[in-house]
file final-v1.pdb (PDB, C-alpha atoms)
MODEL        1
ATOM      1  CA  TYR I  22     -27.633   7.245  -9.263
ATOM      2  CA  VAL I  23     -26.421   3.634  -9.301
ATOM      3  CA  GLU I  24     -24.417   4.174 -12.464
ATOM      4  CA  MET I  25     -22.969   7.389 -11.064
ATOM      5  CA  ALA I  26     -21.957   5.586  -7.861
ATOM      6  CA  GLN I  27     -20.218   2.865  -9.854
ATOM      7  CA  VAL I  28     -18.203   5.436 -11.808
ATOM      8  CA  GLN I  29     -17.315   7.243  -8.588
ATOM      9  CA  ILE I  30     -16.069   3.996  -7.046
ATOM     10  CA  LEU I  31     -13.861   3.312 -10.046
ATOM     11  CA  ALA I  32     -12.512   6.860  -9.722
ATOM     12  CA  GLY I  33     -11.738   6.295  -6.033
ATOM     13  CA  GLU I  34     -14.412   8.742  -4.850
ATOM     14  CA  TYR I  35     -15.894   6.406  -2.262
ATOM     15  CA  GLU I  36     -17.715   8.938  -0.058
ATOM     16  CA  ALA I  37     -19.426  10.450  -3.101
ATOM     17  CA  ALA I  38     -20.311   6.948  -4.288
ATOM     18  CA  GLU I  39     -21.921   6.171  -0.948
ATOM     19  CA  THR I  40     -24.058   9.287  -1.247
ATOM     20  CA  SER I  41     -25.125   8.429  -4.788
ATOM     21  CA  ALA I  42     -26.027   4.855  -3.846
ATOM     22  CA  ARG I  43     -28.066   6.031  -0.868
ATOM     23  CA  ASN I  44     -29.877   8.471  -3.147
ATOM     24  CA  ALA I  45     -30.746   5.545  -5.408
ATOM     25  CA  LEU I  46     -32.211   3.665  -2.450
ATOM     26  CA  LEU I  47     -34.290   6.679  -1.460
ATOM     27  CA  LEU I  48     -35.941   6.450  -4.879
ATOM     28  CA  ASN I  49     -36.266   2.660  -4.812
ATOM     29  CA  PRO I  50     -35.577   0.811  -1.525
ATOM     30  CA  ASN I  51     -35.999  -2.538  -3.310
ATOM     31  CA  ASN I  52     -33.333  -2.062  -5.960
ATOM     32  CA  PRO I  53     -30.775  -4.865  -5.430
ATOM     33  CA  GLN I  54     -28.111  -3.156  -7.566
ATOM     34  CA  ALA I  55     -28.307  -0.055  -5.390
ATOM     35  CA  TYR I  56     -27.581  -2.202  -2.333
ATOM     36  CA  VAL I  57     -24.682  -3.852  -4.165
ATOM     37  CA  THR I  58     -23.167  -0.528  -5.155
ATOM     38  CA  LEU I  59     -23.621   0.933  -1.677
ATOM     39  CA  ALA I  60     -21.921  -2.137  -0.200
ATOM     40  CA  TRP I  61     -19.062  -1.843  -2.674
ATOM     41  CA  ALA I  62     -18.453   1.777  -1.655
ATOM     42  CA  LEU I  63     -18.723   0.972   2.057
ATOM     43  CA  GLY I  64     -16.224  -1.857   1.662
ATOM     44  CA  PHE I  65     -13.616   0.588   0.386
ATOM     45  CA  LEU I  66     -14.445   2.896   3.304
ATOM     46  CA  GLY I  67     -13.811   0.105   5.809
ATOM     47  CA  GLU I  68     -17.459  -0.265   6.824
ATOM     48  CA  THR I  69     -17.422  -3.996   6.196
ATOM     49  CA  LEU I  70     -20.215  -5.056   8.561
ATOM     50  CA  GLU I  71     -22.728  -2.649   7.068
ATOM     51  CA  ALA I  72     -21.513  -3.550   3.583
ATOM     52  CA  GLU I  73     -22.206  -7.234   4.243
ATOM     53  CA  GLU I  74     -25.703  -6.435   5.491
ATOM     54  CA  HIS I  75     -26.498  -4.610   2.256
ATOM     55  CA  LEU I  76     -25.091  -7.439   0.151
ATOM     56  CA  LEU I  77     -27.242 -10.000   1.947
ATOM     57  CA  ARG I  78     -30.234  -7.725   1.367
ATOM     58  CA  ALA I  79     -29.380  -7.565  -2.351
ATOM     59  CA  ILE I  80     -29.073 -11.344  -2.537
ATOM     60  CA  SER I  81     -32.431 -11.784  -0.798
ATOM     61  CA  LEU I  82     -33.988  -9.537  -3.453
ATOM     62  CA  ASP I  83     -32.109 -11.197  -6.316
ATOM     63  CA  PRO I  84     -30.386 -14.532  -5.522
ATOM     64  CA  THR I  85     -28.754 -14.567  -8.968
ATOM     65  CA  ASN I  86     -27.067 -11.181  -8.565
ATOM     66  CA  ALA I  87     -23.511 -12.096  -9.525
ATOM     67  CA  GLU I  88     -21.993  -8.791  -8.457
ATOM     68  CA  ALA I  89     -23.457  -9.111  -4.955
ATOM     69  CA  LEU I  90     -21.817 -12.536  -4.622
ATOM     70  CA  ALA I  91     -18.562 -11.168  -6.054
ATOM     71  CA  ILE I  92     -18.263  -8.258  -3.643
ATOM     72  CA  LEU I  93     -19.288 -10.507  -0.753
ATOM     73  CA  ALA I  94     -16.421 -12.800  -1.778
ATOM     74  CA  GLU I  95     -13.993  -9.859  -1.545
ATOM     75  CA  LEU I  96     -15.165  -9.056   1.982
ATOM     76  CA  GLN I  97     -14.870 -12.705   2.975
ATOM     77  CA  ALA I  98     -11.327 -12.875   1.570
ATOM     78  CA  ASP I  99     -10.339  -9.777   3.544
ATOM     79  CA  ALA I 100     -11.745 -11.436   6.682
ATOM     80  CA  GLY I 101      -9.755 -14.621   6.047
ATOM     81  CA  ASP I 102     -12.757 -16.745   5.023
ATOM     82  CA  TYR I 103     -11.060 -18.088   1.915
ATOM     83  CA  VAL I 104     -13.418 -21.045   1.537
ATOM     84  CA  GLY I 105     -16.494 -18.816   1.468
ATOM     85  CA  ALA I 106     -14.696 -16.308  -0.750
ATOM     86  CA  GLY I 107     -13.724 -19.017  -3.206
ATOM     87  CA  ASP I 108     -17.223 -20.475  -3.337
ATOM     88  CA  ASN I 109     -18.947 -17.126  -3.863
ATOM     89  CA  SER I 110     -16.443 -15.802  -6.398
ATOM     90  CA  ARG I 111     -16.742 -18.998  -8.474
ATOM     91  CA  ALA I 112     -20.544 -18.882  -8.244
ATOM     92  CA  ALA I 113     -20.537 -15.254  -9.383
ATOM     93  CA  LEU I 114     -18.318 -16.135 -12.333
ATOM     94  CA  GLU I 115     -20.668 -18.928 -13.372
ATOM     95  CA  ILE I 116     -23.688 -16.598 -13.244
ATOM     96  CA  ASN I 117     -22.085 -13.696 -15.136
ATOM     97  CA  PRO I 118     -18.594 -14.318 -16.535
ATOM     98  CA  ASN I 119     -18.704 -11.060 -18.505
ATOM     99  CA  SER I 120     -18.983  -8.694 -15.546
ATOM    100  CA  PHE I 121     -15.986  -6.495 -14.831
ATOM    101  CA  ILE I 122     -16.824  -6.533 -11.110
ATOM    102  CA  VAL I 123     -17.070 -10.337 -11.071
ATOM    103  CA  ARG I 124     -13.756 -10.885 -12.857
ATOM    104  CA  ARG I 125     -12.048  -8.339 -10.613
ATOM    105  CA  ALA I 126     -13.376  -9.992  -7.451
ATOM    106  CA  ARG I 127     -12.352 -13.457  -8.612
ATOM    107  CA  GLY I 128      -8.869 -12.119  -9.338
ATOM    108  CA  TYR I 129      -8.707 -10.567  -5.870
ATOM    109  CA  VAL I 130      -9.615 -13.842  -4.148
ATOM    110  CA  LEU I 131      -7.014 -15.683  -6.235
ATOM    111  CA  GLU I 132      -4.426 -13.041  -5.320
ATOM    112  CA  LEU I 133      -5.051 -13.304  -1.592
ATOM    113  CA  THR I 134      -4.835 -17.090  -1.761
ATOM    114  CA  ALA I 135      -1.480 -16.836  -3.622
ATOM    115  CA  ASN I 136      -2.825 -18.359  -6.838
ATOM    116  CA  TYR I 137      -0.865 -15.773  -8.773
ATOM    117  CA  GLU I 138      -0.901 -17.330 -12.243
ATOM    118  CA  GLU I 139      -4.698 -17.609 -12.211
ATOM    119  CA  ALA I 140      -4.988 -14.144 -10.648
ATOM    120  CA  ILE I 141      -2.963 -12.672 -13.515
ATOM    121  CA  GLU I 142      -5.300 -14.322 -16.025
ATOM    122  CA  MET I 143      -8.410 -13.047 -14.237
ATOM    123  CA  TYR I 144      -7.172  -9.477 -13.742
ATOM    124  CA  THR I 145      -6.042  -9.398 -17.376
ATOM    125  CA  SER I 146      -9.482 -10.564 -18.510
ATOM    126  CA  ALA I 147     -11.077  -7.826 -16.392
ATOM    127  CA  LEU I 148      -8.830  -5.250 -18.062
ATOM    128  CA  GLU I 149     -10.024  -6.523 -21.427
ATOM    129  CA  LEU I 150     -13.472  -5.256 -20.418
ATOM    130  CA  ASN I 151     -12.166  -1.921 -19.145
ATOM    131  CA  SER I 152      -8.502  -0.967 -19.409
ATOM    132  CA  ASN I 153      -8.932   2.508 -17.925
ATOM    133  CA  ILE I 154      -9.249   1.538 -14.255
ATOM    134  CA  SER I 155      -6.164   2.573 -12.290
ATOM    135  CA  GLU I 156      -6.969   0.320  -9.338
ATOM    136  CA  LEU I 157      -7.088  -2.738 -11.566
ATOM    137  CA  HIS I 158      -3.661  -2.009 -13.057
ATOM    138  CA  ILE I 159      -2.367  -1.681  -9.488
ATOM    139  CA  ALA I 160      -3.868  -5.067  -8.611
ATOM    140  CA  LEU I 161      -2.299  -6.730 -11.639
ATOM    141  CA  GLY I 162       0.997  -5.035 -10.811
ATOM    142  CA  ARG I 163       0.872  -6.430  -7.272
ATOM    143  CA  VAL I 164       0.494  -9.963  -8.593
ATOM    144  CA  TYR I 165       3.326  -9.512 -11.100
ATOM    145  CA  TRP I 166       5.442  -8.168  -8.221
ATOM    146  CA  ALA I 167       4.595 -11.170  -6.036
ATOM    147  CA  SER I 168       5.569 -13.403  -8.970
ATOM    148  CA  ALA I 169       8.950 -11.608  -9.305
ATOM    149  CA  LEU I 170       7.930 -10.312 -12.750
ATOM    150  CA  TYR I 171       9.324  -6.892 -11.966
ATOM    151  CA  ASP I 172       9.326  -5.351 -15.439
ATOM    152  CA  GLU I 173       5.685  -6.279 -15.943
ATOM    153  CA  ALA I 174       4.807  -4.927 -12.486
ATOM    154  CA  LEU I 175       6.575  -1.621 -13.149
ATOM    155  CA  GLU I 176       4.691  -1.289 -16.427
ATOM    156  CA  GLU I 177       1.323  -1.804 -14.724
ATOM    157  CA  PHE I 178       2.150   0.715 -12.004
ATOM    158  CA  ALA I 179       3.208   3.220 -14.665
ATOM    159  CA  LEU I 180      -0.144   2.719 -16.415
ATOM    160  CA  ALA I 181      -1.955   3.220 -13.108
ATOM    161  CA  ASN I 182       0.018   6.409 -12.559
ATOM    162  CA  SER I 183      -0.941   7.752 -15.974
ATOM    163  CA  LEU I 184      -4.621   7.093 -15.257
ATOM    164  CA  ASN I 185      -4.604   8.578 -11.744
ATOM    165  CA  PRO I 186      -1.498  10.729 -11.167
ATOM    166  CA  ALA I 187      -2.708  11.850  -7.725
ATOM    167  CA  ASP I 188      -2.642   8.317  -6.299
ATOM    168  CA  PRO I 189       0.604   7.710  -4.358
ATOM    169  CA  THR I 190       0.229   3.928  -4.349
ATOM    170  CA  PRO I 191       1.832   3.159  -7.746
ATOM    171  CA  ASP I 192       4.813   5.393  -6.936
ATOM    172  CA  ALA I 193       5.316   3.705  -3.576
ATOM    173  CA  TYR I 194       5.153   0.244  -5.149
ATOM    174  CA  GLN I 195       7.598   1.261  -7.872
ATOM    175  CA  ALA I 196       9.990   2.515  -5.209
ATOM    176  CA  ARG I 197       9.874  -0.845  -3.422
ATOM    177  CA  ILE I 198      10.606  -2.720  -6.645
ATOM    178  CA  TYR I 199      13.503  -0.427  -7.534
ATOM    179  CA  ILE I 200      14.919  -1.036  -4.048
ATOM    180  CA  THR I 201      14.700  -4.782  -4.690
ATOM    181  CA  LEU I 202      16.467  -4.315  -8.023
ATOM    182  CA  GLY I 203      19.194  -2.157  -6.472
ATOM    183  CA  GLU I 204      18.232   0.871  -8.561
ATOM    184  CA  TYR I 205      18.274   3.241  -5.621
ATOM    185  CA  SER I 206      18.219   6.563  -7.481
ATOM    186  CA  LYS I 207      14.998   5.531  -9.225
ATOM    187  CA  ALA I 208      13.655   4.267  -5.902
ATOM    188  CA  ILE I 209      14.342   7.611  -4.236
ATOM    189  CA  GLN I 210      12.647   9.495  -7.062
ATOM    190  CA  ALA I 211       9.532   7.312  -6.945
ATOM    191  CA  ALA I 212       9.365   7.398  -3.132
ATOM    192  CA  GLU I 213       9.705  11.180  -3.079
ATOM    193  CA  GLN I 214       6.813  11.436  -5.530
ATOM    194  CA  ALA I 215       4.656   9.166  -3.357
ATOM    195  CA  LEU I 216       5.495  11.265  -0.307
ATOM    196  CA  ALA I 217       4.638  14.494  -2.124
ATOM    197  CA  GLU I 218       1.202  13.049  -2.889
ATOM    198  CA  ASP I 219       0.601  11.675   0.622
ATOM    199  CA  ALA I 220       2.678  13.749   3.036
ATOM    200  CA  GLY I 221       0.824  12.670   6.171
ATOM    201  CA  ASN I 222       1.349   8.927   5.699
ATOM    202  CA  PRO I 223       4.203   7.562   7.851
ATOM    203  CA  PHE I 224       4.664   4.586   5.514
ATOM    204  CA  ARG I 225       5.656   6.982   2.721
ATOM    205  CA  TYR I 226       8.471   8.260   4.932
ATOM    206  CA  GLY I 227       9.439   4.681   5.685
ATOM    207  CA  VAL I 228       9.799   3.713   2.027
ATOM    208  CA  LEU I 229      11.797   6.853   1.207
ATOM    209  CA  GLY I 230      13.993   6.244   4.237
ATOM    210  CA  MET I 231      14.557   2.686   3.078
ATOM    211  CA  ALA I 232      15.689   3.940  -0.330
ATOM    212  CA  PHE I 233      18.084   6.467   1.220
ATOM    213  CA  PHE I 234      19.414   3.808   3.602
ATOM    214  CA  ARG I 235      20.106   1.341   0.811
ATOM    215  CA  ASN I 236      21.896   4.106  -1.078
ATOM    216  CA  LEU I 237      24.088   4.718   2.010
ATOM    217  CA  GLN I 238      22.662   8.212   2.494
ATOM    218  CA  ASN I 239      22.443   7.828   6.260
ATOM    219  CA  GLU I 240      21.674  11.433   7.191
ATOM    220  CA  ASP I 241      18.891  11.628   4.592
ATOM    221  CA  ALA I 242      17.534   8.301   5.815
ATOM    222  CA  ILE I 243      17.463   9.565   9.396
ATOM    223  CA  ASP I 244      15.657  12.762   8.403
ATOM    224  CA  VAL I 245      12.710  10.886   6.907
ATOM    225  CA  LEU I 246      12.691   7.739   9.067
ATOM    226  CA  GLN I 247      12.301   9.858  12.189
ATOM    227  CA  PHE I 248       8.896  10.903  10.843
ATOM    228  CA  ALA I 249       7.968   7.268  10.175
ATOM    229  CA  ILE I 250       8.875   6.293  13.726
ATOM    230  CA  HIS I 251       8.415   9.349  15.947
ATOM    231  CA  GLY I 252       5.997  11.347  13.823
ATOM    232  CA  GLY I 253       5.991  15.132  13.911
ATOM    233  CA  THR I 254       4.958  18.160  11.939
ATOM    234  CA  THR I 255       6.559  18.886   8.595
ATOM    235  CA  GLU I 256       7.777  22.303   7.487
ATOM    236  CA  GLU I 257       4.559  22.592   5.495
ATOM    237  CA  GLY I 258       2.492  22.000   8.641
ATOM    238  CA  VAL I 259       1.459  18.440   7.830
ATOM    239  CA  ILE I 260       1.014  16.290  10.945
ATOM    240  CA  VAL I 261       2.512  12.794  10.739
ATOM    241  CA  ASN I 262       1.656  10.144  13.317
ATOM    242  CA  GLY I 263       4.559   7.805  14.009
ATOM    243  CA  LEU I 264       4.222   4.056  13.589
ATOM    244  CA  PRO I 265       4.170   2.015  16.824
ATOM    245  CA  ILE I 266       6.835  -0.672  16.815
ATOM    246  CA  ASP I 267       5.557  -3.853  15.208
ATOM    247  CA  TYR I 268       6.652  -6.831  13.167
ATOM    248  CA  GLY I 269       6.882  -6.811   9.382
ATOM    249  CA  GLU I 270       7.668  -3.703   7.394
ATOM    250  CA  VAL I 271       7.573  -1.419  10.439
ATOM    251  CA  ALA I 272      10.317  -3.483  12.059
ATOM    252  CA  THR I 273      12.468  -2.810   8.994
ATOM    253  CA  TYR I 274      12.008   0.938   9.409
ATOM    254  CA  TYR I 275      13.066   0.747  13.061
ATOM    255  CA  ALA I 276      16.125  -1.338  12.190
ATOM    256  CA  MET I 277      17.268   0.995   9.438
ATOM    257  CA  TYR I 278      16.727   4.032  11.641
ATOM    258  CA  ALA I 279      18.801   2.539  14.465
ATOM    259  CA  ILE I 280      21.620   1.442  12.158
ATOM    260  CA  ALA I 281      21.724   4.781  10.334
ATOM    261  CA  LEU I 282      21.921   6.631  13.670
ATOM    262  CA  ALA I 283      24.699   4.321  14.823
ATOM    263  CA  ARG I 284      26.647   4.822  11.610
ATOM    264  CA  VAL I 285      26.794   8.588  12.147
ATOM    265  CA  ASN I 286      27.682   8.150  15.841
ATOM    266  CA  ARG I 287      24.327   9.292  17.222
ATOM    267  CA  CYS I 288      24.213   6.339  19.581
ATOM    268  CA  SER I 289      22.325   8.138  22.334
ATOM    269  CA  GLU I 290      19.414   8.143  19.891
ATOM    270  CA  ALA I 291      20.097   4.726  18.364
ATOM    271  CA  LEU I 292      20.270   2.698  21.578
ATOM    272  CA  PRO I 293      16.708   3.431  22.793
ATOM    273  CA  ILE I 294      15.484   2.213  19.404
ATOM    274  CA  THR I 295      17.522  -0.988  19.652
ATOM    275  CA  GLN I 296      16.203  -1.572  23.181
ATOM    276  CA  ALA I 297      12.642  -1.181  21.958
ATOM    277  CA  MET I 298      13.367  -3.697  19.204
ATOM    278  CA  LEU I 299      14.883  -6.238  21.595
ATOM    279  CA  THR I 300      11.921  -5.852  23.955
ATOM    280  CA  ASN I 301       9.043  -5.778  21.479
ATOM    281  CA  LEU I 302      10.376  -7.804  18.543
ATOM    282  CA  ALA I 303      12.097 -10.602  20.445
ATOM    283  CA  ALA I 304      10.289 -13.270  18.410
ATOM    284  CA  ASP I 305      11.745 -11.933  15.158
ATOM    285  CA  GLU I 306      15.276 -13.245  14.701
ATOM    286  CA  ILE I 307      16.125 -10.732  11.972
ATOM    287  CA  SER I 308      15.012  -7.772  14.096
ATOM    288  CA  VAL I 309      17.108  -9.008  17.013
ATOM    289  CA  GLU I 310      20.132  -9.391  14.739
ATOM    290  CA  ASN I 311      19.612  -5.890  13.348
ATOM    291  CA  ALA I 312      19.365  -4.410  16.842
ATOM    292  CA  GLU I 313      22.533  -6.197  17.910
ATOM    293  CA  PHE I 314      24.282  -5.001  14.738
ATOM    294  CA  ALA I 315      23.452  -1.378  15.558
ATOM    295  CA  ILE I 316      24.629  -1.898  19.133
ATOM    296  CA  GLY I 317      27.869  -3.361  17.812
ATOM    297  CA  ILE I 318      28.518  -0.269  15.719
ATOM    298  CA  CYS I 319      28.015   1.903  18.789
ATOM    299  CA  GLU I 320      30.333  -0.275  20.891
ATOM    300  CA  GLU I 321      33.086   0.169  18.318
ATOM    301  CA  GLN I 322      32.669   3.919  18.601
ATOM    302  CA  VAL I 323      32.956   4.083  22.403
ATOM    303  CA  GLY I 324      35.699   6.499  23.274
ATOM    304  CA  GLN I 325      35.889   7.893  19.777
ATOM    305  CA  PRO I 326      35.068  11.589  19.474
ATOM    306  CA  THR I 327      32.025  12.546  17.481
ATOM    307  CA  PRO I 328      33.323  13.694  14.102
ATOM    308  CA  THR I 329      33.112  17.442  13.594
ATOM    309  CA  PRO I 330      32.054  18.489  10.119
ATOM    310  CA  GLU I 331      34.686  20.405   8.256
ATOM    311  CA  PRO I 332      33.696  24.019   7.550
ATOM    312  CA  GLU I 333      32.363  24.707   4.109
ATOM    313  CA  PRO I 334      34.851  26.696   1.987
ATOM    314  CA  GLU I 335      33.844  30.287   1.466
ATOM    315  CA  GLU I 336      32.648  31.085  -2.008
ATOM    316  CA  THR I 337      34.785  33.446  -4.033
ATOM    317  CA  PRO I 338      32.729  36.409  -5.194
ATOM    318  CA  GLU I 339      32.164  36.412  -8.896
ATOM    319  CA  SER I 340      34.013  39.173 -10.727
TER     320      SER I 340
ENDMDL
END

call {"tool": "encode", "arguments": {"input": "final-v1.pdb", "output": "structure tokens"}}
result
Amino acid sequence: YVEMAQVQILAGEYEAAETSARNALLLNPNNPQAYVTLAWALGFLGETLEAEEHLLRAISLDPTNAEALAILAELQADAGDYVGAGDNSRAALEINPNSFIVRRARGYVLELTANYEEAIEMYTSALELNSNISELHIALGRVYWASALYDEALEEFALANSLNPADPTPDAYQARIYITLGEYSKAIQAAEQALAEDAGNPFRYGVLGMAFFRNLQNEDAIDVLQFAIHGGTTEEGVIVNGLPIDYGEVATYYAMYAIALARVNRCSEALPITQAMLTNLAADEISVENAEFAIGICEEQVGQPTPTPEPEPEETPES
């Protein structure tokens, strides 16, 4: 059951892994590795407090359990305890430097603390033990991306995609890199694939809208960014919950939506967005500038009639 749970975790089947690990504990409630594996699955499911309890139980049963220390280090890093995460990940590596889980966890702590060169080395060494883990290629790709090694990042995301085609994450990351590189057609293609695989995620609409916006396809950008911001129900019946206005990437979606609306003279829709930005994102100078830019476009259009689309020419019947 423990081995099955570990495979299920690596395959991204976290609920099934939790069940398998709990089955292991039913057979042996004093098996430290079962507690470790259960905690690992729960960590991916967001149940961090329970995961930590199980890890501490595993460590009490086996103080030299390197994988318990490694996964605890990941949880500590996520919680912002970088000192504890660093100490435990280094201790785990000293106990068992040949564990895939230990190398992966050490790489994760190094990534979150922006030690990218060392993180690349650690993730690469983990892949030497098992090169067929999609999530690990994604992690290495993230670090390459953060290091502006875009070709290497794209390669890792492509490998992740080949190992787990149903995962939208590599496609979404590729789209963001192509946007950075100015290769907007490729960005649109990758973002559309990510959206097809995760149609209820508002961030997928945001990334696709960003690609359309950068490619000056304002109407297309509006069509998808409205789902990122307002939410709604797609033609296929998928419910999308809009993203509340916030700093960071969400602020970019709001800015692009407002500017795209202003560009096509839909200012009655753009101005409420700009007002929300000025009210809620006042501490972000870039967001304020973007809101004022959209307002400026609308001011230039005051008094100008809304352009009427020219009628499509009638098709001549084929002879």

call {"tool": "resolve_selection", "arguments": {"input": "final-v1.pdb", "expression": "the PyMOL selection byres ((chain I and resi 30) around 10)", "output": "ChimeraX atom specification"}}
result
/I:24-29,31-39,58-59,61-63,65

call {"tool": "closest_residue", "arguments": {"input": "final-v1.pdb", "among": "I:Val259, I:His251, I:Glu138, I:Ala187", "to": "Trp166 (chain I)", "atoms": "only C-alpha atoms"}}
result
I:Glu138

call {"tool": "residues_around", "arguments": {"input": "final-v1.pdb", "residues": "Ala147 (chain I)", "least_positions_apart": "6", "cutoff": "6 Å", "atoms": "all atoms listed in the file", "output": "ChimeraX atom specification"}}
result
/I:121,124-125

call {"tool": "resolve_selection", "arguments": {"input": "final-v1.pdb", "expression": "the PyMOL selection byres ((chain I and resi 56) around 9)", "output": "ChimeraX atom specification"}}
result
/I:42-43,45-46,50-55,57-61,72,75-79,89

call {"tool": "resolve_selection", "arguments": {"input": "final-v1.pdb", "expression": "the PyMOL selection byres ((chain I and resi 282) around 10)", "output": "PyMOL selection string"}}
result
chain I and resi 239-240+242-243+276-281+283-292+294+315+318-319

call {"tool": "atom_distance", "arguments": {"input": "final-v1.pdb", "atom1": "CA of Asn182 (chain I)", "atom2": "CA of Ala249 (chain I)"}}
result
24.1 Å

call {"tool": "atom_distance", "arguments": {"input": "final-v1.pdb", "atom1": "CA of Leu82 (chain I)", "atom2": "CA of Leu150 (chain I)"}}
result
27.0 Å

call {"tool": "decode", "arguments": {"input": "final-v1.pdb", "residues": "region 261-281 of chain I", "atoms": "C-alpha atoms", "output": "PDB file, in the first residue's frame"}}
result
ATOM      1  CA  VAL I 261     -15.895  29.808 -14.086  1.00  0.00           C
ATOM      2  CA  ASN I 262     -15.527  31.870 -10.923  1.00  0.00           C
ATOM      3  CA  GLY I 263     -14.059  35.301 -11.592  1.00  0.00           C
ATOM      4  CA  LEU I 264     -10.916  36.484  -9.841  1.00  0.00           C
ATOM      5  CA  PRO I 265     -11.406  39.210  -7.201  1.00  0.00           C
ATOM      6  CA  ILE I 266      -9.232  42.228  -7.899  1.00  0.00           C
ATOM      7  CA  ASP I 267      -5.805  41.830  -6.337  1.00  0.00           C
ATOM      8  CA  TYR I 268      -2.172  42.727  -6.811  1.00  0.00           C
ATOM      9  CA  GLY I 269       0.231  40.702  -8.934  1.00  0.00           C
ATOM     10  CA  GLU I 270      -0.868  38.728 -11.954  1.00  0.00           C
ATOM     11  CA  VAL I 271      -4.570  39.403 -11.369  1.00  0.00           C
ATOM     12  CA  ALA I 272      -3.910  43.136 -11.574  1.00  0.00           C
ATOM     13  CA  THR I 273      -2.398  42.560 -15.016  1.00  0.00           C
ATOM     14  CA  TYR I 274      -5.566  40.825 -16.194  1.00  0.00           C
ATOM     15  CA  TYR I 275      -7.704  43.736 -14.993  1.00  0.00           C
ATOM     16  CA  ALA I 276      -5.432  46.265 -16.697  1.00  0.00           C
ATOM     17  CA  MET I 277      -5.434  44.440 -20.012  1.00  0.00           C
ATOM     18  CA  TYR I 278      -9.195  43.991 -19.884  1.00  0.00           C
ATOM     19  CA  ALA I 279      -9.767  47.702 -19.247  1.00  0.00           C
ATOM     20  CA  ILE I 280      -7.350  48.803 -21.969  1.00  0.00           C
ATOM     21  CA  ALA I 281      -8.756  46.352 -24.518  1.00  0.00           C
TER      22      ALA I 281
END
